[in-house]
$ cat upload.csv   # CSV, C-alpha atoms
chain,number,residue,atom,x,y,z
U,1,MET,CA,0.0,0.0,0.0
U,2,ASN,CA,1.6,3.3,-1.1
U,3,LYS,CA,1.1,6.7,0.4
U,4,LYS,CA,-1.8,7.7,-1.8
U,5,SER,CA,-3.7,4.5,-1.2
U,6,PHE,CA,-3.2,5.0,2.6
U,7,SER,CA,-4.5,8.6,2.4
U,8,LEU,CA,-7.4,7.3,0.3
U,9,LEU,CA,-8.2,4.8,3.0
U,10,ILE,CA,-8.2,7.4,5.7
U,11,LEU,CA,-10.4,9.7,3.5
U,12,LEU,CA,-12.7,6.8,2.9
U,13,LEU,CA,-13.2,6.1,6.6
U,14,VAL,CA,-13.7,9.8,7.5
U,15,SER,CA,-16.0,10.4,4.6
U,16,SER,CA,-18.1,7.3,5.5
U,17,ALA,CA,-18.6,8.6,9.0
U,18,ILE,CA,-19.5,12.1,7.7
U,19,ARG,CA,-21.7,10.8,5.0
U,20,ALA,CA,-23.8,8.9,7.6
U,21,LYS,CA,-24.6,12.2,9.2
U,22,VAL,CA,-24.6,14.8,6.4
U,23,THR,CA,-26.5,14.0,3.2
U,24,PHE,CA,-26.9,16.2,0.1
U,25,ILE,CA,-28.6,14.1,-2.5
U,26,TRP,CA,-27.4,16.3,-5.4
U,27,LEU,CA,-23.8,15.9,-4.5
U,28,PRO,CA,-21.6,12.9,-5.4
U,29,ASP,CA,-21.3,10.2,-2.8
U,30,PRO,CA,-17.8,10.5,-1.3
U,31,VAL,CA,-17.7,7.0,0.0
U,32,LEU,CA,-18.0,5.5,-3.5
U,33,ILE,CA,-15.5,8.1,-4.9
U,34,PHE,CA,-12.8,6.9,-2.5
U,35,LEU,CA,-13.8,3.2,-2.2
U,36,LEU,CA,-13.9,2.2,-5.8
U,37,PRO,CA,-10.4,3.4,-6.8
U,38,LEU,CA,-9.1,2.1,-3.5
U,39,ILE,CA,-10.1,-1.5,-4.1
U,40,PHE,CA,-8.0,-1.6,-7.3
U,41,HIS,CA,-4.9,-0.4,-5.5
U,42,ILE,CA,-4.8,-2.5,-2.4
U,43,ASP,CA,-4.1,-6.2,-1.8
U,44,ALA,CA,-7.1,-8.5,-2.6
U,45,LYS,CA,-7.2,-9.8,1.0
U,46,TYR,CA,-7.9,-6.3,2.4
U,47,VAL,CA,-10.7,-5.4,0.0
U,48,GLY,CA,-13.4,-7.3,1.9
U,49,PRO,CA,-12.7,-5.8,5.4
U,50,VAL,CA,-12.3,-2.3,4.0
U,51,ALA,CA,-15.5,-2.5,2.1
U,52,LEU,CA,-17.3,-4.0,5.0
U,53,VAL,CA,-16.1,-1.4,7.5
U,54,SER,CA,-16.8,1.5,5.2
U,55,GLY,CA,-20.3,0.1,4.5
U,56,ILE,CA,-21.1,-0.1,8.2
U,57,LEU,CA,-19.8,3.4,8.8
U,58,ARG,CA,-21.8,4.6,5.8
U,59,ASP,CA,-25.2,3.3,7.1
U,60,GLY,CA,-24.4,2.8,10.7
U,61,LEU,CA,-26.0,5.9,12.1
U,62,TYR,CA,-29.6,5.3,11.4
U,63,ILE,CA,-31.0,2.1,12.7
U,64,ASP,CA,-34.3,2.3,10.8
U,65,ILE,CA,-33.0,2.3,7.3
U,66,PRO,CA,-31.9,-1.0,5.7
U,67,TRP,CA,-28.2,-1.5,5.9
U,68,ILE,CA,-27.5,-2.5,2.3
U,69,SER,CA,-24.2,-0.6,1.9
U,70,PRO,CA,-22.1,-3.3,3.7
U,71,LEU,CA,-23.5,-5.9,1.4
U,72,LEU,CA,-23.2,-3.8,-1.8
U,73,PHE,CA,-19.7,-2.6,-1.0
U,74,THR,CA,-18.4,-6.1,-0.2
U,75,LEU,CA,-20.1,-7.4,-3.4
U,76,ALA,CA,-18.4,-4.6,-5.4
U,77,GLY,CA,-15.1,-5.5,-3.8
U,78,THR,CA,-15.5,-9.2,-4.6
U,79,GLY,CA,-16.6,-8.2,-8.1
U,80,ALA,CA,-13.5,-6.0,-8.5
U,81,VAL,CA,-11.2,-8.9,-7.4
U,82,ILE,CA,-12.9,-11.2,-10.0
U,83,TYR,CA,-12.8,-8.5,-12.6
U,84,ARG,CA,-9.1,-8.0,-12.1
U,85,THR,CA,-8.5,-11.6,-13.3
U,86,PHE,CA,-10.3,-11.0,-16.6
U,87,VAL,CA,-9.2,-7.6,-17.8
U,88,ASN,CA,-5.9,-5.9,-18.2
U,89,GLU,CA,-5.4,-4.0,-15.0
U,90,SER,CA,-3.2,-1.3,-16.4
U,91,LEU,CA,-5.9,0.1,-18.7
U,92,LEU,CA,-8.1,2.9,-17.6
U,93,LEU,CA,-11.2,2.2,-19.6
U,94,PRO,CA,-12.2,-1.1,-18.1
U,95,ARG,CA,-11.9,0.4,-14.7
U,96,ILE,CA,-14.2,3.3,-15.6
U,97,ALA,CA,-16.6,0.8,-17.0
U,98,PHE,CA,-16.5,-1.1,-13.7
U,99,PHE,CA,-16.9,2.2,-11.7
U,100,SER,CA,-19.9,3.3,-13.8
U,101,THR,CA,-21.6,-0.1,-13.5
U,102,SER,CA,-21.0,-0.4,-9.8
U,103,ILE,CA,-22.2,3.2,-9.1
U,104,VAL,CA,-25.4,2.8,-11.2
U,105,LEU,CA,-26.2,-0.5,-9.6
U,106,TYR,CA,-25.4,0.8,-6.1
U,107,TYR,CA,-27.7,3.8,-6.6
U,108,VAL,CA,-30.5,1.6,-8.1
U,109,ALA,CA,-30.3,-0.8,-5.2
U,110,TYR,CA,-30.0,2.0,-2.6
U,111,LEU,CA,-33.0,3.9,-4.0
U,112,TYR,CA,-35.0,0.8,-4.2
U,113,ALA,CA,-34.2,-0.4,-0.7
U,114,ASN,CA,-34.9,3.0,0.8
U,115,GLN,CA,-38.1,3.4,-1.3
U,116,LEU,CA,-36.9,6.6,-2.8
U,117,GLY,CA,-38.1,7.7,-6.2
U,118,ILE,CA,-35.7,8.5,-9.0
U,119,SER,CA,-35.2,12.2,-9.6
U,120,ILE,CA,-33.0,14.6,-11.5
U,121,ASP,CA,-30.9,15.1,-8.3
U,122,TYR,CA,-30.0,11.4,-8.1
U,123,LEU,CA,-29.1,11.3,-11.8
U,124,ARG,CA,-26.9,14.3,-11.3
U,125,ALA,CA,-25.3,12.6,-8.3
U,126,ILE,CA,-24.6,9.4,-10.3
U,127,VAL,CA,-22.9,11.3,-13.1
U,128,LEU,CA,-20.9,13.4,-10.7
U,129,THR,CA,-19.9,10.3,-8.7
U,130,ILE,CA,-18.6,8.6,-11.9
U,131,LEU,CA,-16.7,11.7,-12.8
U,132,PHE,CA,-15.1,12.2,-9.5
U,133,THR,CA,-14.3,8.5,-9.1
U,134,THR,CA,-12.4,8.7,-12.4
U,135,LEU,CA,-10.5,11.8,-11.3
U,136,VAL,CA,-9.5,10.1,-8.0
U,137,GLU,CA,-8.4,7.0,-10.0
U,138,LEU,CA,-6.3,9.2,-12.3
U,139,TRP,CA,-4.7,10.8,-9.2
U,140,VAL,CA,-3.9,7.5,-7.6
U,141,ARG,CA,-2.5,6.0,-10.9
U,142,LYS,CA,0.1,8.7,-11.2
U,143,SER,CA,2.1,7.2,-8.4
P,1,MET,CA,-10.3,-16.1,-6.3
P,2,SER,CA,-10.2,-17.5,-2.8
P,3,LYS,CA,-13.1,-18.4,-0.6
P,4,LYS,CA,-12.1,-15.5,1.7
P,5,GLN,CA,-13.5,-13.0,-0.8
P,6,LEU,CA,-16.9,-14.6,-0.6
P,7,LEU,CA,-16.8,-14.5,3.2
P,8,PHE,CA,-17.3,-10.8,3.5
P,9,PRO,CA,-20.5,-10.5,1.4
P,10,LEU,CA,-21.9,-13.4,3.6
P,11,ILE,CA,-20.8,-11.6,6.8
P,12,SER,CA,-22.5,-8.4,5.5
P,13,LEU,CA,-25.8,-10.3,5.3
P,14,ILE,CA,-26.0,-10.6,9.1
P,15,PHE,CA,-26.4,-6.8,9.3
P,16,PHE,CA,-30.0,-7.2,8.1
P,17,PHE,CA,-30.9,-8.7,11.4
P,18,LYS,CA,-32.2,-6.2,13.9
P,19,PRO,CA,-30.2,-7.2,17.0
P,20,VAL,CA,-27.0,-7.1,15.1
P,21,LYS,CA,-27.9,-3.7,13.8
P,22,VAL,CA,-28.7,-2.5,17.3
P,23,PHE,CA,-25.4,-3.8,18.6
P,24,ILE,CA,-23.3,-2.3,15.8
P,25,HIS,CA,-25.3,0.9,16.0
P,26,THR,CA,-24.6,1.3,19.7
P,27,LEU,CA,-20.9,0.4,19.3
P,28,LEU,CA,-20.5,3.0,16.5
P,29,ALA,CA,-22.5,5.6,18.2
P,30,ASP,CA,-20.4,5.3,21.4
P,31,SER,CA,-17.1,5.0,19.7
P,32,VAL,CA,-17.3,7.1,16.5
P,33,TYR,CA,-20.3,9.3,16.2
P,34,ILE,CA,-20.6,10.7,19.7
P,35,PRO,CA,-17.0,11.8,19.8
P,36,VAL,CA,-17.5,13.4,16.4
P,37,LEU,CA,-20.7,15.1,17.5
P,38,LYS,CA,-18.9,16.4,20.7
P,39,ALA,CA,-16.0,17.7,18.6
P,40,GLU,CA,-18.5,19.4,16.3
P,41,LYS,CA,-20.3,20.9,19.3
P,42,TYR,CA,-17.0,22.2,20.7
P,43,VAL,CA,-16.1,23.8,17.4
P,44,GLU,CA,-19.5,25.4,17.2
P,45,GLU,CA,-19.1,26.7,20.8
P,46,ILE,CA,-15.7,28.1,19.9
P,47,PHE,CA,-17.1,30.1,17.0
P,48,TYR,CA,-20.1,31.1,19.1
P,49,PHE,CA,-18.0,32.5,21.9
P,50,HIS,CA,-15.7,34.2,19.4
P,51,ARG,CA,-18.7,36.0,17.9
P,52,GLU,CA,-20.0,36.8,21.4
P,53,TYR,CA,-16.6,38.1,22.5
P,54,SER,CA,-16.4,40.4,19.4
P,55,LYS,CA,-19.9,41.7,20.1
P,56,LEU,CA,-19.2,42.4,23.8
P,57,ASN,CA,-16.0,44.2,22.9
P,58,GLU,CA,-17.9,46.4,20.5
P,59,LEU,CA,-20.6,47.0,23.2
P,60,LEU,CA,-18.0,47.8,25.8
P,61,LEU,CA,-16.3,50.3,23.5
P,62,ILE,CA,-19.7,52.0,22.8
P,63,THR,CA,-20.6,52.0,26.5
P,64,MET,CA,-17.2,53.6,27.4
P,65,GLU,CA,-17.7,56.3,24.8
P,66,ASN,CA,-21.2,56.9,26.1
P,67,ILE,CA,-20.0,57.2,29.7
P,68,GLU,CA,-17.3,59.6,28.7
P,69,GLU,CA,-19.8,61.7,26.8
P,70,LYS,CA,-22.2,61.6,29.7
P,71,ASN,CA,-19.5,62.8,32.1
P,72,ARG,CA,-18.7,65.6,29.8
P,73,ARG,CA,-22.3,66.6,29.6
P,74,GLU,CA,-22.8,66.3,33.4
P,75,ILE,CA,-20.0,68.7,34.1
P,76,PHE,CA,-21.2,71.2,31.5
P,77,ASP,CA,-24.8,71.0,32.6
P,78,LEU,CA,-23.9,71.5,36.2
P,79,TRP,CA,-21.5,74.3,35.9
P,80,LYS,CA,-22.8,76.2,32.8
P,81,SER,CA,-26.5,76.3,33.7
P,82,GLY,CA,-26.6,77.0,37.4
P,83,LEU,CA,-23.6,79.1,38.1
P,84,ASP,CA,-22.2,82.2,36.4
P,85,SER,CA,-18.9,80.5,35.8
P,86,THR,CA,-17.4,78.8,32.8
P,87,VAL,CA,-15.6,75.5,33.1
P,88,ILE,CA,-12.5,74.3,31.4
P,89,ILE,CA,-12.7,70.6,30.7
P,90,ALA,CA,-9.3,68.9,31.2
P,91,ARG,CA,-8.0,65.4,31.1
P,92,ALA,CA,-5.6,64.0,33.6
P,93,LEU,CA,-2.2,63.2,32.4
P,94,TYR,CA,-0.4,62.1,35.5
P,95,PHE,CA,-1.3,61.1,39.1
P,96,ASP,CA,1.2,61.5,41.9
P,97,PRO,CA,1.2,59.1,43.7
P,98,PHE,CA,-1.0,56.6,42.0
P,99,GLY,CA,-3.7,55.5,44.4
P,100,GLN,CA,-4.6,58.2,47.0
P,101,VAL,CA,-3.7,61.0,44.6
P,102,GLN,CA,-2.0,64.1,46.0
P,103,LYS,CA,-1.1,65.9,42.8
P,104,ILE,CA,-2.7,65.7,39.4
P,105,THR,CA,-1.3,67.0,36.1
P,106,LEU,CA,-4.0,68.2,33.7
P,107,ASP,CA,-3.7,68.9,30.0
P,108,ARG,CA,-4.9,72.5,30.1
P,109,GLY,CA,-2.7,75.5,31.0
P,110,ARG,CA,-2.4,79.2,30.8
P,111,ASP,CA,-3.2,79.2,27.1
P,112,ASN,CA,-6.6,77.8,27.9
P,113,GLY,CA,-7.2,80.3,30.7
P,114,VAL,CA,-6.2,78.3,33.7
P,115,ARG,CA,-4.8,80.4,36.6
P,116,TYR,CA,-3.3,79.8,40.0
P,117,GLY,CA,-5.9,79.0,42.7
P,118,GLN,CA,-8.7,77.9,40.5
P,119,PRO,CA,-10.8,75.0,42.0
P,120,VAL,CA,-10.9,71.7,40.2
P,121,VAL,CA,-14.0,69.6,40.2
P,122,TYR,CA,-14.8,66.1,39.3
P,123,ARG,CA,-18.5,65.3,38.7
P,124,GLY,CA,-19.5,68.4,40.6
P,125,SER,CA,-17.4,67.8,43.7
P,126,LEU,CA,-14.2,69.4,44.8
P,127,VAL,CA,-10.9,67.7,43.9
P,128,GLY,CA,-8.4,70.4,44.7
P,129,LYS,CA,-7.0,73.6,43.4
P,130,VAL,CA,-4.5,74.6,40.8
P,131,TYR,CA,-1.1,75.5,42.4
P,132,TYR,CA,1.1,75.8,39.3
P,133,THR,CA,0.5,76.4,35.6
P,134,THR,CA,2.5,76.3,32.5
P,135,ASP,CA,1.4,77.3,29.0
P,136,ARG,CA,0.0,73.9,28.2
P,137,LEU,CA,-0.3,72.2,31.6
P,138,SER,CA,-1.7,72.8,35.1
P,139,PHE,CA,-0.8,71.1,38.3
P,140,VAL,CA,-3.5,70.4,40.9
P,141,MET,CA,-3.1,69.9,44.6
P,142,THR,CA,-5.8,67.5,45.8
P,143,LEU,CA,-7.7,67.1,49.0
P,144,TYR,CA,-5.3,64.4,50.0
P,145,ASN,CA,-2.3,66.7,49.9
P,146,GLU,CA,-1.0,67.7,53.3
P,147,ASN,CA,-0.5,71.3,52.1
P,148,PHE,CA,-4.1,71.7,50.9
P,149,ARG,CA,-6.4,74.2,52.7
P,150,VAL,CA,-9.8,75.5,51.8
P,151,GLY,CA,-12.5,77.3,53.7
P,152,ILE,CA,-15.6,75.2,54.2
P,153,THR,CA,-19.1,75.7,55.6
P,154,ASP,CA,-21.6,73.3,57.0
P,155,ARG,CA,-24.6,73.3,54.6
P,156,ARG,CA,-27.1,72.6,57.4
P,157,THR,CA,-26.0,75.1,60.0
P,158,GLY,CA,-23.6,77.4,58.2
P,159,VAL,CA,-20.7,76.8,60.6
P,160,LEU,CA,-17.4,77.9,59.1
P,161,GLY,CA,-14.1,76.0,59.2
P,162,VAL,CA,-11.0,75.2,57.3
P,163,LEU,CA,-10.5,71.9,55.6
P,164,ALA,CA,-6.9,70.6,56.0
P,165,GLY,CA,-5.9,68.0,53.4
P,166,GLY,CA,-4.1,64.8,54.2
P,167,ILE,CA,-4.6,61.1,54.0
P,168,HIS,CA,-7.6,61.6,56.3
P,169,PRO,CA,-8.8,65.1,55.6
P,170,GLU,CA,-9.9,67.0,58.7
P,171,VAL,CA,-11.8,70.2,59.4
P,172,LEU,CA,-10.0,72.7,61.7
P,173,TYR,CA,-11.1,75.5,64.0
P,174,ILE,CA,-14.7,74.5,64.7
P,175,PRO,CA,-15.3,75.2,68.4
P,176,LEU,CA,-17.0,72.6,70.7
P,177,TRP,CA,-20.2,74.6,70.9
P,178,ALA,CA,-20.8,74.6,67.2
P,179,ASP,CA,-23.7,72.5,65.8
P,180,VAL,CA,-22.0,69.8,63.6
P,181,LYS,CA,-22.7,66.1,63.5
P,182,PRO,CA,-21.7,63.2,61.3
P,183,GLY,CA,-23.5,63.1,58.0
P,184,ASP,CA,-23.5,66.9,57.5
P,185,THR,CA,-22.6,68.1,54.0
P,186,LEU,CA,-19.7,70.5,53.6
P,187,LEU,CA,-19.4,73.1,50.9
P,188,THR,CA,-16.7,75.6,50.1
P,189,SER,CA,-17.4,78.8,52.0
P,190,GLY,CA,-16.3,81.3,49.4
P,191,ILE,CA,-13.9,82.9,51.8
P,192,GLY,CA,-10.5,82.9,50.2
P,193,ILE,CA,-9.7,82.4,46.5
P,194,ILE,CA,-11.9,79.4,45.9
P,195,ARG,CA,-15.5,80.3,45.1
P,196,GLY,CA,-18.3,79.1,47.4
P,197,GLY,CA,-20.9,76.4,47.1
P,198,ILE,CA,-18.8,73.6,45.7
P,199,PRO,CA,-19.6,70.3,47.4
P,200,VAL,CA,-16.6,68.9,49.3
P,201,GLY,CA,-17.7,65.9,51.4
P,202,VAL,CA,-19.6,64.7,54.4
P,203,ILE,CA,-18.6,64.7,58.0
P,204,GLU,CA,-17.6,61.1,58.9
P,205,LYS,CA,-16.6,61.4,62.5
P,206,VAL,CA,-16.7,64.1,65.2
P,207,ASP,CA,-14.1,63.8,68.0
P,208,SER,CA,-14.7,66.2,71.0
P,209,SER,CA,-11.8,65.0,73.1
P,210,SER,CA,-9.7,68.1,72.7
P,211,ASP,CA,-10.1,71.3,74.8
P,212,PHE,CA,-11.4,73.9,72.5
P,213,PHE,CA,-11.9,72.6,68.9
P,214,TYR,CA,-13.5,69.5,67.4
P,215,ARG,CA,-11.5,67.1,65.4
P,216,ILE,CA,-13.7,66.4,62.5
P,217,PHE,CA,-12.9,63.8,59.9
P,218,VAL,CA,-14.3,64.3,56.4
P,219,LYS,CA,-15.1,61.8,53.7
P,220,PRO,CA,-14.7,63.7,50.4
P,221,PHE,CA,-17.2,63.2,47.6
P,222,TRP,CA,-14.4,62.8,45.1
P,223,ASP,CA,-13.6,59.2,44.6
P,224,PHE,CA,-10.0,58.9,43.5
P,225,SER,CA,-10.5,55.3,42.4
P,226,ALA,CA,-12.2,56.6,39.2
P,227,THR,CA,-11.0,59.0,36.6
P,228,GLY,CA,-12.4,60.9,33.7
P,229,LEU,CA,-12.8,64.5,32.7
P,230,PHE,CA,-12.0,67.2,35.3
P,231,GLY,CA,-13.4,70.6,35.3
P,232,ILE,CA,-11.4,73.7,36.2
P,233,LEU,CA,-13.7,76.6,37.3
P,234,ARG,CA,-12.8,80.0,36.1

$ encode --input "upload.csv" --output "structure tokens"
Amino acid sequence: MNKKSFSLLILLLVSSAIRAKVTFIWLPDPVLIFLLPLIFHIDAKYVGPVALVSGILRDGLYIDIPWISPLLFTLAGTGAVIYRTFVNESLLLPRIAFFSTSIVLYYVAYLYANQLGISIDYLRAIVLTILFTTLVELWVRKS
Amino acid sequence: MSKKQLLFPLISLIFFFKPVKVFIHTLLADSVYIPVLKAEKYVEEIFYFHREYSKLNELLLITMENIEEKNRREIFDLWKSGLDSTVIIARALYFDPFGQVQKITLDRGRDNGVRYGQPVVYRGSLVGKVYYTTDRLSFVMTLYNENFRVGITDRRTGVLGVLAGGIHPEVLYIPLWADVKPGDTLLTSGIGIIRGGIPVGVIEKVDSSSDFFYRIFVKPFWDFSATGLFGILR
């Protein structure tokens, strides 16, 4: 784990705790922005715990909502580990495709589980999340 | 892919059970969220107190300016309306010694019309008299100076005497048959160079143990613990 990955991990944990308390639906989800690039830059055996802990922190504040983030994050982590074995890791485009798919699926599952209707705010948030995730990925790749 | 990677999605399924959620929630709330909330509260408090501090400082400044303006007006009102005398407003530059002041240096001098012997008042009560002047400064001998003397009279009975300054100002030359008692107000008598009618103080204690004259201790109205604008009466 290099320095950037470590700082990404810290940012992920902090943003997960903050995201549980502060929510702006039109803004990108910081947890996804930091988590998805991170799971490609750490060892496969750490992906599961990191995804699980960040998922719990992400949903852990409110007891009444369904806690689907731990499941979805760990599934995304597992999917990334499987995905690594099929595609060329050094290419950017497959990763962006993975990010986009994961983010869209996450939002669909999240909105469905919380019985929230789709709106232009969520669409904007999805697009911004994909954009920022790609930017973070580019930042981490430079090292 | 190893089996370990599938373990975590399976573990995450247990968070759908209410007791597990409650346990995790309690754990997180106690260990992560409550400290974060406390820190947030502290930061908010710091900003709040900072704002309040700035507000109070501004208020204090305004209040001090108002008090100074009020003092200035009081002196003017008292001495310009009731008496046929004008007053020179002066600010103290130096107290000697600091504490129970015996000499005061004021920032008005001969150029402003200050002359030897003029009485100095603070909020309408006698402070002392001018004993030396320069072009720009004047020097005042206060009631607490041992060389200070002024003719006084009892406001109730009109008994005349001489106030001798000092650490405990006393009234001299009041005979034992004169009608004076503690609580009487003393004014300047007008005999001598200081004009009459200026409040000086109240009689604090009357001692009749000597043969011919009372020993009368006076508590001056002027409170040396506060300062502000002084008035020099022309």

$ interface_residues --input "upload.csv" --of "chain U" --to "chain P" --cutoff "6 Å" --atoms "all atoms listed in the file" --output "ChimeraX atom specification"
/U:48,60,70-71,74-75,78

$ residues_around --input "upload.csv" --residues "stretch 84-90 of chain U" --least-positions-apart "2" --cutoff "12 Å" --atoms "only C-alpha atoms" --output "NGL selection string"
(:U and (39-44 or 76-82 or 92-98 or 137-138 or 141-142)) or (:P and (1))

$ residues_around --input "upload.csv" --residues "U:Ser119" --least-positions-apart "5" --cutoff "12 Å" --atoms "all atoms listed in the file" --output "NGL selection string"
:U and (25-26 or 107-108 or 111 or 124-126)

$ residues_around --input "upload.csv" --residues "P:Val121" --least-positions-apart "4" --cutoff "7 Å" --atoms "all atoms listed in the file" --output "ChimeraX atom specification"
/P:125-127,230-232

$ write_last_selection --input "upload.csv" --atoms "C-alpha atoms" --output "compact mmCIF listing (two decimals), in the frame of the given file"
# COMPACT_ATOMS: atom_id res chain seq x y z
CA SER P 125 -17.40 67.80 43.70
CA LEU P 126 -14.20 69.40 44.80
CA VAL P 127 -10.90 67.70 43.90
CA PHE P 230 -12.00 67.20 35.30
CA GLY P 231 -13.40 70.60 35.30
CA ILE P 232 -11.40 73.70 36.20

$ residues_around --input "upload.csv" --residues "stretch 109-113 of chain P" --least-positions-apart "4" --cutoff "8 Å" --atoms "all atoms listed in the file" --output "PDB file with C-alpha atoms, in the coordinates of the input"
ATOM      1  CA  ILE P  88     -12.500  74.300  31.400  1.00  0.00           C
ATOM      2  CA  THR P 133       0.500  76.400  35.600  1.00  0.00           C
ATOM      3  CA  THR P 134       2.500  76.300  32.500  1.00  0.00           C
ATOM      4  CA  ASP P 135       1.400  77.300  29.000  1.00  0.00           C
ATOM      5  CA  ARG P 136       0.000  73.900  28.200  1.00  0.00           C
ATOM      6  CA  LEU P 137      -0.300  72.200  31.600  1.00  0.00           C
ATOM      7  CA  SER P 138      -1.700  72.800  35.100  1.00  0.00           C
ATOM      8  CA  ARG P 234     -12.800  80.000  36.100  1.00  0.00           C
TER       9      ARG P 234
END

$ closest_residue --input "upload.csv" --among "U:Ala20, U:Leu57, U:Ala109, U:Val104" --to "U:Leu72" --atoms "all atoms listed in the file"
U:Ala109

$ closest_residue --input "upload.csv" --among "U:Pro30, U:Leu135, U:Leu35, U:Arg58" --to "U:Ala17" --atoms "only C-alpha atoms"
U:Arg58

$ atom_distance --input "upload.csv" --atom1 "atom CA of U:Asp29" --atom2 "atom CA of P:Glu40"
21.4 Å

$ atom_distance --input "upload.csv" --atom1 "atom CA of P:Ile191" --atom2 "atom CA of P:Gly151"
6.1 Å

$ residues_around --input "upload.csv" --residues "P:Val171" --least-positions-apart "6" --cutoff "7 Å" --atoms "all atoms listed in the file" --output "list in words"
Gly161, Val162, Leu163, Ala164, Arg215, Ile216 and Phe217 of chain P

$ atom_distance --input "upload.csv" --atom1 "atom CA of P:Asp96" --atom2 "atom CA of P:Leu233"
21.7 Å

$ closest_residue --input "upload.csv" --among "U:Ser15, U:Leu105, U:Lys4, U:Leu27" --to "U:Ile120" --atoms "only C-alpha atoms"
U:Leu27
